[in-house]
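Participant: Got a structure for you, final.cif, holding mmCIF, C-alpha atoms.
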data_structure
loop_
_atom_site.label_atom_id
_atom_site.label_comp_id
_atom_site.auth_asym_id
_atom_site.auth_seq_id
_atom_site.Cartn_x
_atom_site.Cartn_y
_atom_site.Cartn_z
CA MET A 191 8.08 -21.30 9.21
CA ALA A 192 9.12 -24.15 6.98
CA LEU A 193 12.67 -24.03 5.69
CA PRO A 194 12.77 -26.39 2.69
CA PHE A 195 15.51 -24.51 0.85
CA PHE A 196 18.08 -24.07 3.62
CA PRO A 197 21.51 -24.39 1.93
CA HIS A 198 24.34 -26.24 3.63
CA PRO A 199 26.32 -23.77 5.82
CA ALA A 200 29.59 -25.03 4.32
CA ALA A 201 28.82 -23.06 1.16
CA ALA A 202 29.57 -19.85 3.03
CA GLN A 203 33.19 -20.97 3.45
CA GLN A 204 33.93 -21.14 -0.27
CA PRO A 205 35.82 -18.13 -1.68
CA GLY A 206 33.58 -15.65 -3.48
CA LEU A 207 30.36 -17.49 -2.58
CA SER A 208 27.67 -16.11 -0.26
CA GLY A 209 23.93 -16.31 0.12
CA TYR A 210 20.68 -14.93 1.46
CA TYR A 211 17.52 -16.63 2.68
CA LEU A 212 14.19 -14.88 3.24
CA ASN A 213 11.00 -16.37 4.66
CA VAL A 214 7.86 -14.19 4.85
CA GLY A 215 4.67 -15.53 6.39
CA THR A 216 1.58 -13.37 5.85
CA HIS A 217 -2.08 -13.24 6.78
CA VAL A 218 -4.29 -11.14 4.50
CA ALA A 219 -7.71 -9.98 5.70
CA GLU A 220 -10.81 -10.29 3.53
CA SER A 221 -11.27 -7.44 1.04
CA VAL A 222 -12.64 -6.70 -2.42
CA LEU A 223 -9.45 -8.30 -3.75
CA GLY A 224 -10.37 -11.70 -2.32
CA PRO A 225 -11.12 -13.73 0.80
CA ALA A 226 -8.91 -13.85 3.87
CA GLY A 227 -6.01 -16.27 3.74
CA ALA A 228 -2.52 -17.17 4.87
CA SER A 229 0.57 -17.51 2.70
CA ASP A 230 4.31 -18.01 2.87
CA VAL A 231 7.04 -16.79 0.53
CA GLN A 232 10.53 -18.27 0.67
CA ARG A 233 13.46 -16.92 -1.29
CA VAL A 234 16.98 -18.30 -1.57
CA ARG A 235 19.73 -16.32 -3.27
CA LEU A 236 23.23 -17.62 -4.02
CA MET A 237 25.86 -15.03 -5.00
CA TRP A 238 29.26 -15.64 -6.54
CA ASN A 239 32.00 -13.34 -7.79
CA THR A 240 35.61 -13.66 -8.85
CA SER A 241 38.23 -11.35 -10.34
CA PRO A 242 40.63 -13.06 -12.75
CA GLY A 243 43.04 -10.38 -13.98
CA PRO A 244 41.28 -7.26 -15.29
CA LEU A 245 37.88 -9.02 -15.26
CA ARG A 246 35.25 -9.29 -12.53
CA LEU A 247 32.54 -11.93 -12.90
CA ASP A 248 29.35 -11.46 -10.87
CA ALA A 249 26.40 -13.85 -10.59
CA ALA A 250 23.33 -14.23 -8.37
CA TYR A 251 20.82 -17.06 -8.73
CA GLU A 252 17.46 -17.17 -6.93
CA HIS A 253 14.63 -19.59 -6.20
CA THR A 254 11.30 -18.32 -4.88
CA LEU A 255 8.56 -20.59 -3.53
CA THR A 256 5.11 -19.19 -2.80
CA LEU A 257 2.71 -21.27 -0.70
CA ARG A 258 -0.86 -20.04 -0.14
CA GLN A 259 -4.37 -21.10 0.70
CA ALA A 260 -6.40 -21.85 -2.41
CA GLY A 261 -8.37 -18.79 -3.47
CA ALA A 262 -6.43 -16.41 -1.23
CA PRO A 263 -4.73 -13.31 -2.68
CA SER A 264 -1.22 -13.79 -3.99
CA ALA A 265 1.43 -13.95 -1.30
CA GLN A 266 3.84 -11.83 -3.32
CA LEU A 267 2.79 -8.52 -1.81
CA PHE A 268 6.35 -7.18 -1.85
CA THR A 269 8.50 -6.82 -4.96
CA ALA A 270 11.63 -8.20 -3.30
CA ALA A 271 9.81 -11.42 -2.36
CA GLY A 272 9.32 -12.36 -6.02
CA ALA A 273 11.61 -13.64 -8.73
CA VAL A 274 10.03 -11.77 -11.62
CA ALA A 275 11.24 -8.53 -13.17
CA GLY A 276 9.60 -6.64 -16.02
CA GLY A 277 11.57 -5.94 -19.16
CA ASP A 278 14.16 -8.73 -19.07
CA TRP A 279 15.89 -9.09 -22.44
CA LEU A 280 17.68 -12.35 -21.63
CA SER A 281 15.67 -15.47 -20.81
CA LEU A 282 17.33 -16.26 -17.50
CA ASP A 283 14.27 -17.13 -15.45
CA GLY A 284 11.30 -19.44 -15.51
CA GLU A 285 8.38 -21.03 -13.73
CA LEU A 286 9.12 -24.48 -12.32
CA HIS A 287 5.64 -25.08 -10.90
CA SER A 288 2.35 -23.21 -10.78
CA GLY A 289 -0.82 -24.28 -9.02
CA ALA A 290 -3.66 -23.05 -6.82
CA ARG A 291 -1.59 -23.54 -3.66
CA ALA A 292 2.03 -23.25 -4.77
CA GLU A 293 4.22 -21.39 -7.24
CA TRP A 294 7.93 -22.03 -7.72
CA ARG A 295 10.15 -19.77 -9.82
CA HIS A 296 13.86 -19.32 -10.44
CA ARG A 297 15.92 -16.47 -11.89
CA PHE A 298 19.46 -15.28 -12.50
CA ASP A 299 19.29 -11.79 -10.97
CA ARG A 300 22.97 -11.05 -11.74
CA LEU A 301 25.10 -12.41 -14.55
CA SER A 302 27.69 -9.91 -15.71
CA VAL A 303 31.33 -9.34 -16.52
CA ARG A 304 33.21 -6.11 -15.79
CA VAL A 305 36.35 -5.16 -17.67
CA ASP A 306 38.78 -2.58 -16.30
CA LEU A 307 39.74 -0.14 -19.06
CA GLY A 308 42.72 1.41 -17.38
CA ALA A 309 42.76 3.24 -14.06
CA ASN A 310 39.78 5.54 -14.76
CA ALA A 311 37.22 3.52 -16.71
CA ASP A 312 35.36 0.23 -16.74
CA LEU A 313 32.76 -1.57 -18.85
CA THR A 314 30.11 -3.93 -17.39
CA VAL A 315 27.99 -6.11 -19.68
CA GLY A 316 25.15 -8.42 -18.65
CA ARG A 317 22.46 -8.51 -15.97
CA GLN A 318 23.44 -5.99 -13.30
CA PRO A 319 21.90 -3.48 -10.84
CA VAL A 320 21.79 0.12 -12.07
CA SER A 321 20.47 2.83 -9.76
CA TRP A 322 20.34 6.52 -10.60
CA ALA A 323 18.10 7.50 -7.68
CA THR A 324 18.86 10.56 -5.53
CA THR A 325 15.84 10.63 -3.22
CA LEU A 326 15.42 7.66 -0.89
CA VAL A 327 11.83 6.38 -1.29
CA LEU A 328 10.11 8.09 -4.22
CA THR A 329 12.55 8.10 -7.15
CA PRO A 330 10.89 9.36 -10.38
CA ALA A 331 14.27 10.07 -12.02
CA ASP A 332 15.50 6.47 -11.72
CA PRO A 333 14.76 5.00 -15.20
CA PHE A 334 15.79 1.42 -14.45
CA SER A 335 14.37 -0.61 -11.52
CA PRO A 336 13.05 1.58 -8.70
CA PHE A 337 11.88 -0.10 -5.50
CA ASP A 338 8.26 -0.36 -4.47
CA PRO A 339 8.09 2.38 -1.76
CA SER A 340 6.13 0.06 0.56
CA ASP A 341 8.54 -2.86 0.16
CA PRO A 342 10.08 -3.74 3.56
CA PHE A 343 12.72 -6.01 1.96
CA ARG A 344 15.18 -3.89 -0.03
CA GLU A 345 18.38 -5.86 0.40
CA TYR A 346 18.91 -6.26 -3.35
CA ARG A 347 17.92 -4.15 -6.32
CA ILE A 348 16.61 -6.15 -9.28
CA GLY A 349 19.20 -6.56 -12.03
CA VAL A 350 18.59 -5.31 -15.59
CA ASP A 351 20.15 -6.48 -18.86
CA ALA A 352 22.47 -3.70 -19.95
CA ALA A 353 25.91 -2.53 -21.02
CA ARG A 354 27.37 0.19 -18.77
CA LEU A 355 30.48 2.24 -19.55
CA ARG A 356 31.85 4.45 -16.76
CA TYR A 357 34.65 7.01 -16.79
CA TYR A 358 35.95 8.62 -13.59
CA ARG A 359 37.52 12.06 -13.87
CA GLY A 360 38.91 12.73 -10.42
CA ALA A 361 37.42 11.72 -7.10
CA PHE A 362 34.04 13.45 -7.51
CA THR A 363 33.25 13.55 -11.23
CA GLN A 364 31.88 10.62 -13.20
CA PHE A 365 30.50 10.08 -16.71
CA GLU A 366 28.63 6.99 -17.81
CA VAL A 367 26.59 5.58 -20.68
CA VAL A 368 24.03 2.79 -20.27
CA ALA A 369 22.40 0.83 -23.09
CA ARG A 370 19.53 -1.44 -22.09
CA PRO A 371 17.37 -3.47 -24.50
CA ALA A 372 14.11 -4.71 -22.98
CA ARG A 373 11.04 -6.75 -23.77
CA ILE A 374 7.81 -5.21 -22.45
CA GLY A 375 5.04 -7.64 -23.25
CA GLU A 376 5.11 -8.06 -27.02
CA ARG A 377 7.23 -4.93 -27.58
CA GLU A 378 11.00 -4.61 -27.77
CA THR A 379 12.44 -1.31 -26.57
CA LEU A 380 15.82 0.36 -26.13
CA THR A 381 17.02 2.64 -23.35
CA LEU A 382 20.19 4.58 -24.20
CA LEU A 383 21.25 7.24 -21.70
CA GLY A 384 24.26 9.35 -20.84
CA ARG A 385 24.80 10.65 -17.31
CA ALA A 386 27.23 13.10 -15.68
CA SER A 387 27.69 13.82 -11.97
CA THR A 388 30.05 15.97 -9.93
CA ASN A 389 30.43 17.75 -6.61
CA ALA A 390 30.66 21.51 -6.11
CA ALA A 391 30.79 23.34 -2.79
CA GLY A 392 29.70 20.21 -0.95
CA TRP A 393 26.69 19.52 -3.20
CA ASP A 394 26.38 16.47 -5.47
CA MET A 395 24.69 17.35 -8.75
CA GLY A 396 24.27 16.17 -12.30
CA GLY A 397 21.85 14.94 -14.90
CA TRP A 398 21.10 12.40 -17.58
CA ALA A 399 19.44 12.47 -21.00
CA GLY A 400 18.65 10.20 -23.91
CA VAL A 401 16.08 7.59 -24.84
CA VAL A 402 14.02 5.63 -22.26
CA HIS A 403 12.12 2.71 -23.82
CA ASP A 404 12.28 4.40 -27.26
CA THR A 405 11.05 7.82 -26.10
CA PHE A 406 12.88 10.94 -24.88
CA GLY A 407 13.82 11.31 -21.25
CA GLY A 408 15.98 13.73 -19.29
CA ALA A 409 16.63 14.44 -15.62
CA ALA A 410 18.60 16.55 -13.14
CA PHE A 411 19.45 15.84 -9.50
CA LEU A 412 20.93 17.58 -6.47
CA SER A 413 21.83 16.53 -2.92
CA GLY A 414 23.58 18.17 -0.02
CA ALA A 415 23.16 19.43 3.54
CA VAL A 416 20.96 22.24 4.83
CA GLY A 417 21.93 22.67 8.45
CA SER A 418 21.48 19.31 10.13
CA TRP A 419 19.19 18.01 7.39
CA ALA A 420 20.17 16.18 4.23
CA LEU A 421 18.29 17.53 1.22
CA ARG A 422 17.79 15.38 -1.88
CA ALA A 423 15.92 16.36 -5.05
CA GLU A 424 15.47 14.96 -8.53
CA ALA A 425 13.33 15.94 -11.52
CA ALA A 426 12.71 14.26 -14.85
CA ALA A 427 10.92 14.98 -18.12
CA ARG A 428 9.36 12.11 -20.08
CA ASP A 429 7.92 12.18 -23.59
CA LEU A 430 5.10 9.60 -23.58
CA ASP A 431 1.87 9.16 -25.52
CA GLY A 432 2.26 12.43 -27.39
CA ARG A 433 2.84 14.62 -24.35
CA THR A 434 5.72 15.69 -22.14
CA ALA A 435 5.25 14.85 -18.48
CA LEU A 436 7.26 16.48 -15.69
CA ARG A 437 8.12 14.32 -12.68
CA GLY A 438 9.95 15.33 -9.53
CA ALA A 439 10.60 14.52 -5.89
CA ILE A 440 12.19 16.36 -2.98
CA GLY A 441 13.06 14.98 0.41
CA LEU A 442 14.68 15.71 3.76
CA ASP A 443 16.23 13.19 6.14
CA ARG A 444 17.95 13.53 9.49
CA THR A 445 18.97 11.54 12.55
CA PHE A 446 17.85 12.82 15.97
CA LEU A 447 19.25 11.68 19.31
CA ILE A 448 16.29 10.88 21.60
CA GLY A 449 16.77 9.09 24.89
CA ALA A 450 20.35 8.19 23.96
CA ARG A 451 18.99 6.37 20.88
CA ASP A 452 18.86 7.34 17.21
CA LEU A 453 15.62 8.35 15.54
CA TYR A 454 15.97 8.50 11.74
CA VAL A 455 13.35 10.54 9.85
CA VAL A 456 12.68 10.68 6.10
CA ILE A 457 10.15 13.11 4.59
CA GLU A 458 9.48 13.16 0.83
CA TYR A 459 7.03 14.68 -1.64
CA GLN A 460 6.56 13.66 -5.26
CA HIS A 461 4.69 15.30 -8.12
CA ASP A 462 4.30 12.96 -11.06
CA GLY A 463 2.86 14.24 -14.32
CA LEU A 464 2.23 10.63 -15.34
CA GLY A 465 0.04 9.95 -12.27
CA ALA A 466 -3.73 10.00 -11.84
CA THR A 467 -5.34 13.30 -10.89
CA SER A 468 -8.49 11.62 -9.54
CA PRO A 469 -9.71 8.12 -8.60
CA ASP A 470 -11.43 7.88 -12.00
CA GLU A 471 -7.98 7.73 -13.64
CA LEU A 472 -6.39 5.09 -11.36
CA VAL A 473 -7.24 2.07 -13.52
CA ALA A 474 -6.07 3.81 -16.70
CA THR A 475 -2.81 4.75 -14.99
CA ALA A 476 -2.27 1.19 -13.75
CA THR A 477 -2.63 -0.08 -17.32
CA SER A 478 -0.57 2.70 -18.91
CA ARG A 479 2.66 2.27 -20.84
CA ALA A 480 4.72 4.01 -18.15
CA PHE A 481 3.43 1.69 -15.43
CA ALA A 482 4.01 -1.41 -17.59
CA GLN A 483 7.61 -0.27 -18.12
CA SER A 484 8.14 -0.15 -14.32
CA GLU A 485 8.75 3.61 -14.43
CA MET A 486 6.08 4.37 -11.81
CA GLN A 487 6.13 3.44 -8.12
CA VAL A 488 2.70 4.84 -7.22
CA LEU A 489 -0.43 5.75 -9.20
CA GLY A 490 -1.31 9.21 -7.85
CA ARG A 491 -0.24 12.62 -9.19
CA ASP A 492 0.90 13.92 -5.77
CA THR A 493 2.30 11.62 -3.08
CA GLY A 494 3.82 12.11 0.35
CA VAL A 495 6.03 9.83 2.46
CA LEU A 496 6.99 9.85 6.13
CA GLN A 497 9.36 7.12 7.30
CA LEU A 498 10.62 6.68 10.87
CA SER A 499 13.13 4.29 12.39
CA TYR A 500 14.04 4.24 16.09
CA ALA A 501 16.61 2.09 17.91
CA LEU A 502 14.81 0.80 21.00
CA HIS A 503 17.83 -1.33 21.92
CA PRO A 504 21.13 -2.23 20.19
CA LEU A 505 19.34 -5.36 18.89
CA VAL A 506 15.76 -4.06 18.52
CA SER A 507 14.41 -1.29 16.30
CA ALA A 508 10.93 0.03 15.55
CA SER A 509 9.87 1.52 12.23
CA ALA A 510 6.84 3.15 10.66
CA LEU A 511 5.92 4.15 7.11
CA TRP A 512 3.15 6.51 6.01
CA LEU A 513 2.56 6.63 2.25
CA GLY A 514 -0.31 8.82 1.12
CA SER A 515 -2.06 10.18 -1.94
CA LEU A 516 -2.40 13.92 -1.49
CA ARG A 517 -5.09 14.03 -4.19
CA ASP A 518 -7.70 11.62 -2.80
CA GLY A 519 -6.64 11.57 0.87
CA SER A 520 -6.05 7.81 1.05
CA PHE A 521 -2.94 6.39 2.66
CA LEU A 522 -1.03 3.26 3.63
CA VAL A 523 0.46 2.80 7.10
CA SER A 524 3.05 0.14 7.93
CA PRO A 525 4.43 -0.25 11.47
CA GLY A 526 7.22 -2.75 12.12
CA LEU A 527 9.51 -4.22 14.76
CA SER A 528 12.90 -5.81 13.98
CA TYR A 529 15.20 -7.96 16.10
CA SER A 530 18.82 -8.79 15.22
CA ALA A 531 19.09 -12.32 16.59
CA THR A 532 22.70 -12.69 15.41
CA GLU A 533 25.06 -10.81 13.10
CA SER A 534 23.54 -12.66 10.13
CA LEU A 535 19.94 -13.43 11.23
CA ALA A 536 17.17 -10.84 11.61
CA LEU A 537 13.50 -11.29 12.54
CA ARG A 538 10.74 -8.83 11.70
CA LEU A 539 7.09 -8.35 12.60
CA GLY A 540 5.04 -5.89 10.60
CA ALA A 541 1.65 -4.91 9.22
CA PHE A 542 0.03 -2.90 6.43
CA PHE A 543 -3.20 -0.93 6.77
CA GLY A 544 -4.87 0.97 3.95
CA ALA A 545 -7.34 3.80 4.57
CA GLY A 546 -9.44 5.83 2.19
CA GLY A 547 -12.55 5.73 0.07
CA ASP A 548 -13.91 2.20 -0.35
CA PRO A 549 -14.50 0.82 -3.85
CA VAL A 550 -18.01 1.41 -5.19
CA GLY A 551 -20.00 -0.63 -7.67
CA GLU A 552 -21.57 -4.01 -7.92
CA ASP A 553 -20.71 -7.56 -8.94
CA LEU A 554 -17.09 -8.26 -9.89
CA THR A 555 -16.25 -4.82 -11.27
CA PRO A 556 -15.92 -2.38 -8.34
CA ILE A 557 -14.78 1.16 -9.12
CA LEU A 558 -11.83 2.49 -7.13
CA ALA A 559 -12.69 5.50 -5.00
CA SER A 560 -9.11 6.04 -3.80
CA GLU A 561 -5.60 4.72 -4.35
CA TYR A 562 -5.13 2.95 -1.02
CA GLY A 563 -8.68 2.47 0.29
CA ALA A 564 -9.08 -0.98 -1.30
CA LEU A 565 -5.90 -2.47 0.13
CA PRO A 566 -6.48 -5.31 2.61
CA ARG A 567 -5.04 -5.46 6.11
CA VAL A 568 -1.86 -7.53 6.11
CA LEU A 569 0.13 -8.97 9.01
CA PHE A 570 3.54 -10.48 8.28
CA VAL A 571 6.45 -12.07 10.11
CA SER A 572 9.80 -12.61 8.41
CA ALA A 573 13.24 -14.05 8.90
CA ASN A 574 16.23 -13.16 6.74
CA TRP A 575 19.59 -14.88 7.01
CA PHE A 576 22.86 -13.98 5.30
CA PHE A 577 25.33 -16.82 4.95
#
Let me see the structure of the file written as structure tokens.
Facilitator:
Amino acid sequence: MALPFFPHPAAAQQPGLSGYYLNVGTHVAESVLGPAGASDVQRVRLMWNTSPGPLRLDAAYEHTLTLRQAGAPSAQLFTAAGAVAGGDWLSLDGELHSGARAEWRHRFDRLSVRVDLGANADLTVGRQPVSWATTLVLTPADPFSPFDPSDPFREYRIGVDAARLRYYRGAFTQFEVVARPARIGERETLTLLGRASTNAAGWDMGGWAGVVHDTFGGAAFLSGAVGSWALRAEAAARDLDGRTALRGAIGLDRTFLIGARDLYVVIEYQHDGLGATSPDELVATATSRAFAQSEMQVLGRDTGVLQLSYALHPLVSASALWLGSLRDGSFLVSPGLSYSATESLALRLGAFFGAGGDPVGEDLTPILASEYGALPRVLFVSANWFF
């Protein structure tokens, strides 16, 4: 792997300054999406924060370089490998170079100031991460920047341009209001939401309501323990395109001790009223307003997830992801193997395999027969370094 962006290690010694480097080399097999080809994505992230008096300043600046064989599918198969986020209000990113073999982008992913408003409240303004997810993989009630469920690189959630006011009433109760203007293509939208959360009898619960991209949205969430399992659930209602869609997910996760090693299991199910009920609706869903606003993680109406992680050794772990459409029977499988070379350097080998109905049709306009059947086989190797 080439390392053209490696920062000088001395930067890690400066107060408040840290960084992250990611290099992902991929090989994509031939498919209806394009010919076979190799690619490499490199991402450098510099992070800085300081706290003068009652203020906290937070910034993160990224460069992403994509190298690929001419004509091969885009190397940016994973959301975290790119430097582009939908809906940015502030122009804090750009394209430095674009060609058949290389693309170079940069972006401020964090640029915010937080003001302490006494002992129980604070206000944060600027580009910042905001997560209201309760479930772990499929998160239909997170109205801001949910992860791609197949993304193996989730170290940092994409920042959004917003103002966030939080008030803490005791150790377990919190109220907050978030205002987020956004630009979605040629449209300008506003998200304005209020959220409350608390804990009762060992269960975390709450809800939010307001306007999501100019239309009504509301949600409720719950998490707690059922025996040795953690149970997480969230449900949302969205008013879009003249109809009200109900969206929800429920999941269980637990750690098992097998052979003196930990096996971590996550099981989730999602029903999404915005999703496609059949393969005939997949293209329309992918071009819908909800998908363009980054509110949807998958295209299908009913989706299941099984995620496993097992510690083979204190430095080596194996993982597997199964992500499937319960409507058309197609699914995506992703096995992986990770090695912690040092406290700050990790290596990973992984693959993606799609299975399901193959696209049908002729010429350059094939018709999708399933959600995951058209996905190419992908092999990747990565290195990520924190400094």
Participant: What residues come out when you apply the PyMOL selection byres ((chain A and resi 284-298) around 6) to this file, written as a list in words?
Facilitator: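 Applying the PyMOL selection byres ((chain A and resi 284-298) around 6) to the structure shown produces Ala250, Tyr251, Glu252, His253, Thr254, Leu255, Thr256, Leu257, Arg258, Gln259, Ala260, Leu282, Asp283, Asp299 and Arg300 of chain A.
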Participant: For this structure, which residues satisfy the selection - the PyMOL selection byres ((chain A and resi 404) around 8) - when it is evaluated on the file as given? I want them as an NGL selection string.
Facilitator: :A and (379-381 or 401-403 or 405-406)
Participant: Here's the selection I'm unsure about, the PyMOL selection byres ((chain A and resi 222) around 9); applied to the file above, which residues does it give, as a PDB file with C-alpha atoms, keeping the file's coordinate frame?
Facilitator:
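Output file expr_24.pdb follows:
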ATOM      1  CA  GLU A 220     -10.810 -10.290   3.530  1.00  0.00           C
ATOM      2  CA  SER A 221     -11.270  -7.440   1.040  1.00  0.00           C
ATOM      3  CA  LEU A 223      -9.450  -8.300  -3.750  1.00  0.00           C
ATOM      4  CA  GLY A 224     -10.370 -11.700  -2.320  1.00  0.00           C
ATOM      5  CA  PRO A 225     -11.120 -13.730   0.800  1.00  0.00           C
ATOM      6  CA  PRO A 549     -14.500   0.820  -3.850  1.00  0.00           C
ATOM      7  CA  LEU A 554     -17.090  -8.260  -9.890  1.00  0.00           C
ATOM      8  CA  PRO A 556     -15.920  -2.380  -8.340  1.00  0.00           C
ATOM      9  CA  ALA A 564      -9.080  -0.980  -1.300  1.00  0.00           C
ATOM     10  CA  LEU A 565      -5.900  -2.470   0.130  1.00  0.00           C
ATOM     11  CA  PRO A 566      -6.480  -5.310   2.610  1.00  0.00           C
TER      12      PRO A 566
END
Participant: Dump as JSON lines the rows for residues of stretch 523-576 of chain A within 12 Å of stretch 342-348 of chain A: closest atom pair and distance in Å with one decimal, only C-alpha atoms counted, ordered by chain and rising residue number.
Facilitator:
{"residue": "A:Ser524", "atom": "CA", "partner": "A:Pro342", "partner_atom": "CA", "distance": 9.1}
{"residue": "A:Pro525", "atom": "CA", "partner": "A:Pro342", "partner_atom": "CA", "distance": 10.3}
{"residue": "A:Gly526", "atom": "CA", "partner": "A:Pro342", "partner_atom": "CA", "distance": 9.1}
{"residue": "A:Leu527", "atom": "CA", "partner": "A:Pro342", "partner_atom": "CA", "distance": 11.2}
{"residue": "A:Ser528", "atom": "CA", "partner": "A:Pro342", "partner_atom": "CA", "distance": 11.0}
{"residue": "A:Ala536", "atom": "CA", "partner": "A:Phe343", "partner_atom": "CA", "distance": 11.7}
{"residue": "A:Leu537", "atom": "CA", "partner": "A:Phe343", "partner_atom": "CA", "distance": 11.9}
{"residue": "A:Arg538", "atom": "CA", "partner": "A:Pro342", "partner_atom": "CA", "distance": 9.6}
{"residue": "A:Leu539", "atom": "CA", "partner": "A:Pro342", "partner_atom": "CA", "distance": 10.6}
{"residue": "A:Gly540", "atom": "CA", "partner": "A:Pro342", "partner_atom": "CA", "distance": 8.9}
{"residue": "A:Ala541", "atom": "CA", "partner": "A:Pro342", "partner_atom": "CA", "distance": 10.2}
{"residue": "A:Phe542", "atom": "CA", "partner": "A:Pro342", "partner_atom": "CA", "distance": 10.5}
{"residue": "A:Phe570", "atom": "CA", "partner": "A:Pro342", "partner_atom": "CA", "distance": 10.5}
{"residue": "A:Val571", "atom": "CA", "partner": "A:Pro342", "partner_atom": "CA", "distance": 11.2}
{"residue": "A:Ser572", "atom": "CA", "partner": "A:Phe343", "partner_atom": "CA", "distance": 9.7}
{"residue": "A:Ala573", "atom": "CA", "partner": "A:Phe343", "partner_atom": "CA", "distance": 10.6}
{"residue": "A:Asn574", "atom": "CA", "partner": "A:Phe343", "partner_atom": "CA", "distance": 9.3}
{"residue": "A:Trp575", "atom": "CA", "partner": "A:Glu345", "partner_atom": "CA", "distance": 11.2}
{"residue": "A:Phe576", "atom": "CA", "partner": "A:Glu345", "partner_atom": "CA", "distance": 10.5}
Participant: Could you jot down the atom CA of A:Val231 to atom CA of A:Tyr210 separation for me, Å, one decimal place?
Facilitator: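 Value for the atom CA of A:Val231-atom CA of A:Tyr210 distance: 13.8 Å.
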Participant: Grab the atom CA of A:Leu505 to atom CA of A:Arg444 distance for me, in Å with one decimal place.
Facilitator: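 These atoms are spaced 21.1 Å apart.
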Participant: Got a sec: who's within 9 Å of A:Ser515, counting all atoms listed in the file, leaving out chain neighbours fewer than 6 positions off, as a PyMOL selection string?
Facilitator: chain A and resi 488-494+521-522+560-562
Participant: May I have the residues from that selection written out with C-alpha atoms, as an mmCIF file, in the frame of the given file?
Facilitator:
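As a result, out-v4.cif now contains:
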data_model
loop_
_atom_site.group_PDB
_atom_site.id
_atom_site.type_symbol
_atom_site.label_atom_id
_atom_site.label_comp_id
_atom_site.auth_asym_id
_atom_site.auth_seq_id
_atom_site.Cartn_x
_atom_site.Cartn_y
_atom_site.Cartn_z
ATOM 1 C CA VAL A 488 2.700 4.840 -7.220
ATOM 2 C CA LEU A 489 -0.430 5.750 -9.200
ATOM 3 C CA GLY A 490 -1.310 9.210 -7.850
ATOM 4 C CA ARG A 491 -0.240 12.620 -9.190
ATOM 5 C CA ASP A 492 0.900 13.920 -5.770
ATOM 6 C CA THR A 493 2.300 11.620 -3.080
ATOM 7 C CA GLY A 494 3.820 12.110 0.350
ATOM 8 C CA PHE A 521 -2.940 6.390 2.660
ATOM 9 C CA LEU A 522 -1.030 3.260 3.630
ATOM 10 C CA SER A 560 -9.110 6.040 -3.800
ATOM 11 C CA GLU A 561 -5.600 4.720 -4.350
ATOM 12 C CA TYR A 562 -5.130 2.950 -1.020
#
Participant: Which value, in Å to one decimal, gives the distance between atom CA of A:Trp398 and atom CA of A:Gly384?
Facilitator: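 We find that atom CA of A:Trp398 and atom CA of A:Gly384 lie 5.5 Å from each other.
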Participant: Which residues are near A:Arg317? Cut-off 8 Å, all atoms listed in the file, ignore same chain within fewer than 6 positions. Put them as number ranges by chain.
Facilitator: A: 299-302, 349-352
Participant: Go through A:Arg422, A:Ala466, A:Gly215, A:Gly546 and flag the residue nearest A:Ser229, using all atoms listed in the file for the distances.
Facilitator: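 Counting all atoms listed in the file, the residue closest to A:Ser229 is A:Gly215.
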Participant: With all atoms listed in the file as the counted atoms, please give the residues lying no more than 10 Å from A:Leu355, apart from itself and same-chain residues fewer than 5 positions off, as a list of chain:residue names.
Facilitator: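 So, after excluding close chain neighbours, the residues are A:Arg304, A:Val305, A:Leu307, A:Ala311, A:Asp312, A:Leu313, A:Thr314, A:Val315, A:Phe365, A:Glu366, A:Val367, A:Val368, A:Ala369, A:Gly384.
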Participant: For A:Ala425, find every residue with an atom within 6 Å (counting all atoms listed in the file), except residues of its own chain fewer than 3 positions away, and show them as a PyMOL selection string.
Facilitator: chain A and resi 331+409-410+437-438
Participant: With distances taken over only C-alpha atoms, which residue among A:Ser321, A:Ser530, A:Ser413, A:Gln460 lies nearest A:His503?
Facilitator: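 The closest residue to A:His503 is A:Ser530.
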